[in-house]
file coords.cif (mmCIF, N, CA and C atoms)
data_upload
#
loop_
_atom_site.label_atom_id
_atom_site.label_comp_id
_atom_site.auth_asym_id
_atom_site.auth_seq_id
_atom_site.Cartn_x
_atom_site.Cartn_y
_atom_site.Cartn_z
N MET C 849 127.09 178.20 125.84
CA MET C 849 127.61 176.85 125.85
C MET C 849 129.13 176.85 125.99
N VAL C 850 129.76 177.80 125.32
CA VAL C 850 131.23 177.88 125.39
C VAL C 850 131.67 178.24 126.80
N LYS C 851 130.94 179.15 127.45
CA LYS C 851 131.28 179.52 128.82
C LYS C 851 131.21 178.32 129.76
N VAL C 852 130.22 177.46 129.54
CA VAL C 852 130.06 176.28 130.38
C VAL C 852 131.26 175.35 130.20
N LEU C 853 131.69 175.14 128.96
CA LEU C 853 132.84 174.27 128.71
C LEU C 853 134.12 174.86 129.27
N ILE C 854 134.30 176.16 129.13
CA ILE C 854 135.49 176.81 129.68
C ILE C 854 135.48 176.73 131.20
N ARG C 855 134.31 176.95 131.79
CA ARG C 855 134.19 176.86 133.25
C ARG C 855 134.52 175.45 133.73
N PHE C 856 134.00 174.44 133.03
CA PHE C 856 134.28 173.04 133.38
C PHE C 856 135.77 172.75 133.27
N ALA C 857 136.39 173.21 132.19
CA ALA C 857 137.83 173.00 132.00
C ALA C 857 138.63 173.69 133.09
N LEU C 858 138.24 174.90 133.46
CA LEU C 858 138.93 175.64 134.51
C LEU C 858 138.84 174.92 135.85
N ILE C 859 137.66 174.47 136.20
CA ILE C 859 137.47 173.78 137.47
C ILE C 859 138.24 172.46 137.48
N SER C 860 138.18 171.72 136.38
CA SER C 860 138.91 170.44 136.30
C SER C 860 140.41 170.65 136.37
N ALA C 861 140.91 171.64 135.66
CA ALA C 861 142.35 171.90 135.66
C ALA C 861 142.83 172.33 137.04
N LEU C 862 142.09 173.23 137.68
CA LEU C 862 142.47 173.65 139.03
C LEU C 862 142.46 172.46 139.99
N SER C 863 141.46 171.62 139.86
CA SER C 863 141.38 170.45 140.75
C SER C 863 142.56 169.52 140.56
N MET C 864 142.90 169.24 139.31
CA MET C 864 144.00 168.32 139.05
C MET C 864 145.35 168.91 139.44
N LEU C 865 145.53 170.20 139.22
CA LEU C 865 146.83 170.82 139.47
C LEU C 865 147.07 171.16 140.94
N LEU C 866 146.04 171.60 141.63
CA LEU C 866 146.23 172.10 142.99
C LEU C 866 146.02 171.08 144.10
N THR C 867 145.24 170.05 143.86
CA THR C 867 144.93 169.09 144.91
C THR C 867 146.17 168.44 145.53
N PRO C 868 147.16 168.00 144.75
CA PRO C 868 148.35 167.41 145.40
C PRO C 868 149.10 168.41 146.30
N TYR C 869 149.14 169.66 145.89
CA TYR C 869 149.81 170.67 146.70
C TYR C 869 149.05 170.97 147.99
N VAL C 870 147.73 171.00 147.90
CA VAL C 870 146.91 171.21 149.10
C VAL C 870 147.06 170.03 150.05
N ASN C 871 147.06 168.80 149.50
CA ASN C 871 147.27 167.61 150.33
C ASN C 871 148.60 167.69 151.07
N ARG C 872 149.65 168.01 150.33
CA ARG C 872 150.99 168.08 150.93
C ARG C 872 151.05 169.18 151.99
N PHE C 873 150.47 170.33 151.69
CA PHE C 873 150.48 171.44 152.65
C PHE C 873 149.77 171.07 153.94
N LEU C 874 148.58 170.48 153.82
CA LEU C 874 147.83 170.10 155.02
C LEU C 874 148.53 168.98 155.79
N SER C 875 149.16 168.06 155.08
CA SER C 875 149.91 166.99 155.76
C SER C 875 151.10 167.56 156.53
N GLN C 876 151.78 168.53 155.95
CA GLN C 876 152.90 169.16 156.64
C GLN C 876 152.44 169.91 157.88
N LEU C 877 151.31 170.58 157.77
CA LEU C 877 150.76 171.26 158.95
C LEU C 877 150.39 170.25 160.03
N ALA C 878 149.84 169.11 159.63
CA ALA C 878 149.47 168.08 160.60
C ALA C 878 150.70 167.51 161.29
N GLU C 879 151.82 167.41 160.57
CA GLU C 879 153.07 166.93 161.17
C GLU C 879 153.57 167.88 162.26
N ARG C 880 153.33 169.16 162.06
CA ARG C 880 153.80 170.16 163.03
C ARG C 880 152.87 170.32 164.23
N ALA C 881 151.65 169.87 164.09
CA ALA C 881 150.68 169.99 165.18
C ALA C 881 151.04 169.02 166.30
N PRO C 882 150.63 169.34 167.53
CA PRO C 882 150.89 168.42 168.65
C PRO C 882 150.24 167.06 168.41
N ARG C 883 150.95 166.00 168.76
CA ARG C 883 150.46 164.64 168.56
C ARG C 883 149.19 164.39 169.36
N GLY C 884 148.22 163.78 168.71
CA GLY C 884 146.98 163.40 169.38
C GLY C 884 146.03 164.56 169.61
N SER C 885 146.30 165.72 169.04
CA SER C 885 145.44 166.88 169.28
C SER C 885 144.30 166.92 168.25
N PHE C 886 143.32 167.71 168.57
CA PHE C 886 142.19 167.90 167.66
C PHE C 886 142.66 168.53 166.36
N ILE C 887 143.60 169.46 166.43
CA ILE C 887 144.10 170.14 165.23
C ILE C 887 144.78 169.14 164.30
N GLU C 888 145.57 168.24 164.85
CA GLU C 888 146.22 167.24 164.01
C GLU C 888 145.18 166.36 163.32
N ASP C 889 144.18 165.91 164.06
CA ASP C 889 143.13 165.08 163.48
C ASP C 889 142.36 165.82 162.39
N MET C 890 142.06 167.09 162.65
CA MET C 890 141.32 167.89 161.67
C MET C 890 142.13 168.07 160.40
N LEU C 891 143.41 168.39 160.53
CA LEU C 891 144.25 168.60 159.35
C LEU C 891 144.44 167.31 158.56
N ARG C 892 144.58 166.21 159.24
CA ARG C 892 144.71 164.92 158.54
C ARG C 892 143.42 164.58 157.79
N GLU C 893 142.29 164.84 158.43
CA GLU C 893 141.00 164.58 157.78
C GLU C 893 140.83 165.48 156.55
N LEU C 894 141.18 166.74 156.69
CA LEU C 894 141.10 167.65 155.54
C LEU C 894 142.02 167.19 154.42
N SER C 895 143.21 166.77 154.77
CA SER C 895 144.18 166.32 153.78
C SER C 895 143.72 165.05 153.09
N ASP C 896 143.17 164.11 153.84
CA ASP C 896 142.80 162.81 153.28
C ASP C 896 141.50 162.84 152.50
N ARG C 897 140.51 163.56 152.98
CA ARG C 897 139.17 163.42 152.39
C ARG C 897 138.63 164.68 151.73
N TYR C 898 138.96 165.84 152.23
CA TYR C 898 138.25 167.03 151.80
C TYR C 898 139.06 167.99 150.95
N SER C 899 140.32 167.70 150.66
CA SER C 899 141.13 168.65 149.89
C SER C 899 140.59 168.81 148.47
N THR C 900 140.11 167.74 147.86
CA THR C 900 139.56 167.85 146.51
C THR C 900 138.31 168.73 146.52
N ALA C 901 137.47 168.59 147.52
CA ALA C 901 136.28 169.42 147.61
C ALA C 901 136.64 170.88 147.84
N LEU C 902 137.67 171.13 148.64
CA LEU C 902 138.10 172.51 148.87
C LEU C 902 138.61 173.14 147.58
N VAL C 903 139.41 172.41 146.83
CA VAL C 903 139.95 172.93 145.58
C VAL C 903 138.84 173.11 144.54
N ARG C 904 137.90 172.18 144.49
CA ARG C 904 136.79 172.32 143.55
C ARG C 904 135.94 173.54 143.88
N ALA C 905 135.70 173.79 145.15
CA ALA C 905 134.95 174.98 145.55
C ALA C 905 135.71 176.24 145.16
N LEU C 906 137.02 176.22 145.32
CA LEU C 906 137.83 177.35 144.89
C LEU C 906 137.71 177.55 143.38
N GLY C 907 137.77 176.46 142.61
CA GLY C 907 137.62 176.56 141.16
C GLY C 907 136.27 177.10 140.75
N GLU C 908 135.22 176.66 141.42
CA GLU C 908 133.88 177.18 141.13
C GLU C 908 133.78 178.66 141.45
N THR C 909 134.41 179.08 142.54
CA THR C 909 134.40 180.49 142.90
C THR C 909 135.14 181.33 141.86
N VAL C 910 136.30 180.84 141.43
CA VAL C 910 137.05 181.56 140.39
C VAL C 910 136.24 181.61 139.10
N GLY C 911 135.59 180.51 138.75
CA GLY C 911 134.73 180.49 137.57
C GLY C 911 133.60 181.49 137.66
N GLU C 912 133.00 181.62 138.82
CA GLU C 912 131.94 182.61 139.03
C GLU C 912 132.47 184.03 138.88
N LEU C 913 133.67 184.27 139.42
CA LEU C 913 134.24 185.61 139.34
C LEU C 913 134.64 185.98 137.91
N VAL C 914 135.19 185.03 137.18
CA VAL C 914 135.67 185.30 135.84
C VAL C 914 134.55 185.32 134.82
N PHE C 915 133.63 184.35 134.86
CA PHE C 915 132.63 184.20 133.84
C PHE C 915 131.22 184.60 134.28
N GLY C 916 131.06 185.06 135.49
CA GLY C 916 129.74 185.41 135.98
C GLY C 916 129.01 184.21 136.50
N SER C 917 127.79 184.43 136.97
CA SER C 917 127.01 183.33 137.55
C SER C 917 126.52 182.38 136.47
N ARG C 918 126.11 181.21 136.89
CA ARG C 918 125.67 180.16 135.95
C ARG C 918 124.36 180.51 135.28
N ASP C 919 123.56 181.32 135.89
CA ASP C 919 122.22 181.63 135.36
C ASP C 919 122.28 182.46 134.12
#
call {"tool": "encode", "arguments": {"input": "coords.cif", "output": "structure tokens"}}
result
Amino acid sequence: MVKVLIRFALISALSMLLTPYVNRFLSQLAERAPRGSFIEDMLRELSDRYSTALVRALGETVGELVFGSRD
């Protein structure tokens, strides 16, 4: 039970702390991409909608590595 709570705290903390930095990083990359290109659209989409999911997946992966699998 304690591992579950620690894992939840780790994932939540990583999500809250890293998401703004990932958003900013992806937005800066989109600014450097050629205007109207597929890469610019993809980076903007990642920055706007999927950065939280990316960070949460990273947090879950770190949780798996540190505390083992959920089973």
call {"tool": "resolve_selection", "arguments": {"input": "coords.cif", "expression": "the PyMOL selection byres (((chain C and resi 852-854 and name CA) around 12) and name CA)", "output": "list in words"}}
result
Met849, Val850, Lys851, Arg855, Phe856, Ala857, Leu858, Ile859, Ser860, Ala861, Gly907, Glu908, Val910, Gly911, Glu912, Val914, Phe915, Gly916, Ser917, Arg918 and Asp919 of chain C
call {"tool": "write_last_selection", "arguments": {"input": "coords.cif", "atoms": "N, CA and C atoms", "output": "PDB file, keeping the file's coordinate frame"}}
result
ATOM      1  N   MET C 849     127.090 178.200 125.840  1.00  0.00           N
ATOM      2  CA  MET C 849     127.610 176.850 125.850  1.00  0.00           C
ATOM      3  C   MET C 849     129.130 176.850 125.990  1.00  0.00           C
ATOM      4  N   VAL C 850     129.760 177.800 125.320  1.00  0.00           N
ATOM      5  CA  VAL C 850     131.230 177.880 125.390  1.00  0.00           C
ATOM      6  C   VAL C 850     131.670 178.240 126.800  1.00  0.00           C
ATOM      7  N   LYS C 851     130.940 179.150 127.450  1.00  0.00           N
ATOM      8  CA  LYS C 851     131.280 179.520 128.820  1.00  0.00           C
ATOM      9  C   LYS C 851     131.210 178.320 129.760  1.00  0.00           C
ATOM     10  N   ARG C 855     134.310 176.950 131.790  1.00  0.00           N
ATOM     11  CA  ARG C 855     134.190 176.860 133.250  1.00  0.00           C
ATOM     12  C   ARG C 855     134.520 175.450 133.730  1.00  0.00           C
ATOM     13  N   PHE C 856     134.000 174.440 133.030  1.00  0.00           N
ATOM     14  CA  PHE C 856     134.280 173.040 133.380  1.00  0.00           C
ATOM     15  C   PHE C 856     135.770 172.750 133.270  1.00  0.00           C
ATOM     16  N   ALA C 857     136.390 173.210 132.190  1.00  0.00           N
ATOM     17  CA  ALA C 857     137.830 173.000 132.000  1.00  0.00           C
ATOM     18  C   ALA C 857     138.630 173.690 133.090  1.00  0.00           C
ATOM     19  N   LEU C 858     138.240 174.900 133.460  1.00  0.00           N
ATOM     20  CA  LEU C 858     138.930 175.640 134.510  1.00  0.00           C
ATOM     21  C   LEU C 858     138.840 174.920 135.850  1.00  0.00           C
ATOM     22  N   ILE C 859     137.660 174.470 136.200  1.00  0.00           N
ATOM     23  CA  ILE C 859     137.470 173.780 137.470  1.00  0.00           C
ATOM     24  C   ILE C 859     138.240 172.460 137.480  1.00  0.00           C
ATOM     25  N   SER C 860     138.180 171.720 136.380  1.00  0.00           N
ATOM     26  CA  SER C 860     138.910 170.440 136.300  1.00  0.00           C
ATOM     27  C   SER C 860     140.410 170.650 136.370  1.00  0.00           C
ATOM     28  N   ALA C 861     140.910 171.640 135.660  1.00  0.00           N
ATOM     29  CA  ALA C 861     142.350 171.900 135.660  1.00  0.00           C
ATOM     30  C   ALA C 861     142.830 172.330 137.040  1.00  0.00           C
ATOM     31  N   GLY C 907     137.770 176.460 142.610  1.00  0.00           N
ATOM     32  CA  GLY C 907     137.620 176.560 141.160  1.00  0.00           C
ATOM     33  C   GLY C 907     136.270 177.100 140.750  1.00  0.00           C
ATOM     34  N   GLU C 908     135.220 176.660 141.420  1.00  0.00           N
ATOM     35  CA  GLU C 908     133.880 177.180 141.130  1.00  0.00           C
ATOM     36  C   GLU C 908     133.780 178.660 141.450  1.00  0.00           C
ATOM     37  N   VAL C 910     136.300 180.840 141.430  1.00  0.00           N
ATOM     38  CA  VAL C 910     137.050 181.560 140.390  1.00  0.00           C
ATOM     39  C   VAL C 910     136.240 181.610 139.100  1.00  0.00           C
ATOM     40  N   GLY C 911     135.590 180.510 138.750  1.00  0.00           N
ATOM     41  CA  GLY C 911     134.730 180.490 137.570  1.00  0.00           C
ATOM     42  C   GLY C 911     133.600 181.490 137.660  1.00  0.00           C
ATOM     43  N   GLU C 912     133.000 181.620 138.820  1.00  0.00           N
ATOM     44  CA  GLU C 912     131.940 182.610 139.030  1.00  0.00           C
ATOM     45  C   GLU C 912     132.470 184.030 138.880  1.00  0.00           C
ATOM     46  N   VAL C 914     135.190 185.030 137.180  1.00  0.00           N
ATOM     47  CA  VAL C 914     135.670 185.300 135.840  1.00  0.00           C
ATOM     48  C   VAL C 914     134.550 185.320 134.820  1.00  0.00           C
ATOM     49  N   PHE C 915     133.630 184.350 134.860  1.00  0.00           N
ATOM     50  CA  PHE C 915     132.630 184.200 133.840  1.00  0.00           C
ATOM     51  C   PHE C 915     131.220 184.600 134.280  1.00  0.00           C
ATOM     52  N   GLY C 916     131.060 185.060 135.490  1.00  0.00           N
ATOM     53  CA  GLY C 916     129.740 185.410 135.980  1.00  0.00           C
ATOM     54  C   GLY C 916     129.010 184.210 136.500  1.00  0.00           C
ATOM     55  N   SER C 917     127.790 184.430 136.970  1.00  0.00           N
ATOM     56  CA  SER C 917     127.010 183.330 137.550  1.00  0.00           C
ATOM     57  C   SER C 917     126.520 182.380 136.470  1.00  0.00           C
ATOM     58  N   ARG C 918     126.110 181.210 136.890  1.00  0.00           N
ATOM     59  CA  ARG C 918     125.670 180.160 135.950  1.00  0.00           C
ATOM     60  C   ARG C 918     124.360 180.510 135.280  1.00  0.00           C
ATOM     61  N   ASP C 919     123.560 181.320 135.890  1.00  0.00           N
ATOM     62  CA  ASP C 919     122.220 181.630 135.360  1.00  0.00           C
ATOM     63  C   ASP C 919     122.280 182.460 134.120  1.00  0.00           C
TER      64      ASP C 919
END
call {"tool": "atom_distance", "arguments": {"input": "coords.cif", "atom1": "atom CA of Ser875 of chain C", "atom2": "atom C of Ser899 of chain C"}}
result
12.0 Å
call {"tool": "residues_around", "arguments": {"input": "coords.cif", "residues": "Asp896 of chain C", "least_positions_apart": "3", "cutoff": "12 Å", "atoms": "only C-alpha atoms", "output": "PyMOL selection string"}}
result
chain C and resi 867-868+870-875+878+889-893+899-902
call {"tool": "atom_distance", "arguments": {"input": "coords.cif", "atom1": "atom CA of Leu862 of chain C", "atom2": "atom CA of Thr909 of chain C"}}
result
11.3 Å
call {"tool": "axis_aligned_box", "arguments": {"input": "coords.cif", "around": "segment 873-881 of chain C", "padding_each_side": "5 Å", "output": "AutoDock Vina command-line options"}}
result
--center_x 150.8 --center_y 169.2 --center_z 159.0 --size_x 16.0 --size_y 14.5 --size_z 24.6
call {"tool": "atom_distance", "arguments": {"input": "coords.cif", "atom1": "atom N of Ser895 of chain C", "atom2": "atom N of Leu865 of chain C"}}
result
16.1 Å
call {"tool": "select_by_dssp", "arguments": {"input": "coords.cif", "residues": "chain C", "states": "alpha helix (DSSP H)", "output": "ChimeraX atom specification"}}
result
/C:850-880,886-893,899-915
call {"tool": "decode", "arguments": {"input": "coords.cif", "residues": "segment 896-910 of chain C", "atoms": "N, CA and C atoms", "output": "compact mmCIF listing (two decimals), in the first residue's frame"}}
result
# COMPACT_ATOMS: atom_id res chain seq x y z
N ASP C 896 0.45 21.60 -26.86
CA ASP C 896 -0.88 22.00 -26.38
C ASP C 896 -1.64 20.87 -25.71
N ARG C 897 -1.57 19.67 -26.27
CA ARG C 897 -2.48 18.62 -25.81
C ARG C 897 -1.80 17.42 -25.15
N TYR C 898 -0.61 17.07 -25.59
CA TYR C 898 -0.07 15.78 -25.18
C TYR C 898 1.11 15.86 -24.23
N SER C 899 1.55 17.05 -23.83
CA SER C 899 2.73 17.13 -22.96
C SER C 899 2.45 16.52 -21.59
N THR C 900 1.25 16.69 -21.06
CA THR C 900 0.92 16.10 -19.77
C THR C 900 0.95 14.58 -19.86
N ALA C 901 0.44 14.02 -20.94
CA ALA C 901 0.46 12.57 -21.12
C ALA C 901 1.89 12.06 -21.26
N LEU C 902 2.74 12.81 -21.95
CA LEU C 902 4.13 12.40 -22.09
C LEU C 902 4.84 12.39 -20.74
N VAL C 903 4.62 13.42 -19.94
CA VAL C 903 5.26 13.50 -18.63
C VAL C 903 4.70 12.42 -17.70
N ARG C 904 3.40 12.17 -17.76
CA ARG C 904 2.81 11.12 -16.92
C ARG C 904 3.37 9.75 -17.29
N ALA C 905 3.54 9.49 -18.57
CA ALA C 905 4.14 8.22 -18.99
C ALA C 905 5.58 8.11 -18.50
N LEU C 906 6.30 9.21 -18.53
CA LEU C 906 7.66 9.22 -17.99
C LEU C 906 7.63 8.92 -16.50
N GLY C 907 6.71 9.54 -15.76
CA GLY C 907 6.59 9.28 -14.33
C GLY C 907 6.24 7.84 -14.03
N GLU C 908 5.34 7.26 -14.81
CA GLU C 908 5.00 5.84 -14.62
C GLU C 908 6.19 4.95 -14.90
N THR C 909 6.98 5.29 -15.91
CA THR C 909 8.16 4.50 -16.22
C THR C 909 9.19 4.58 -15.09
N VAL C 910 9.40 5.78 -14.57
CA VAL C 910 10.32 5.94 -13.44
C VAL C 910 9.81 5.17 -12.23
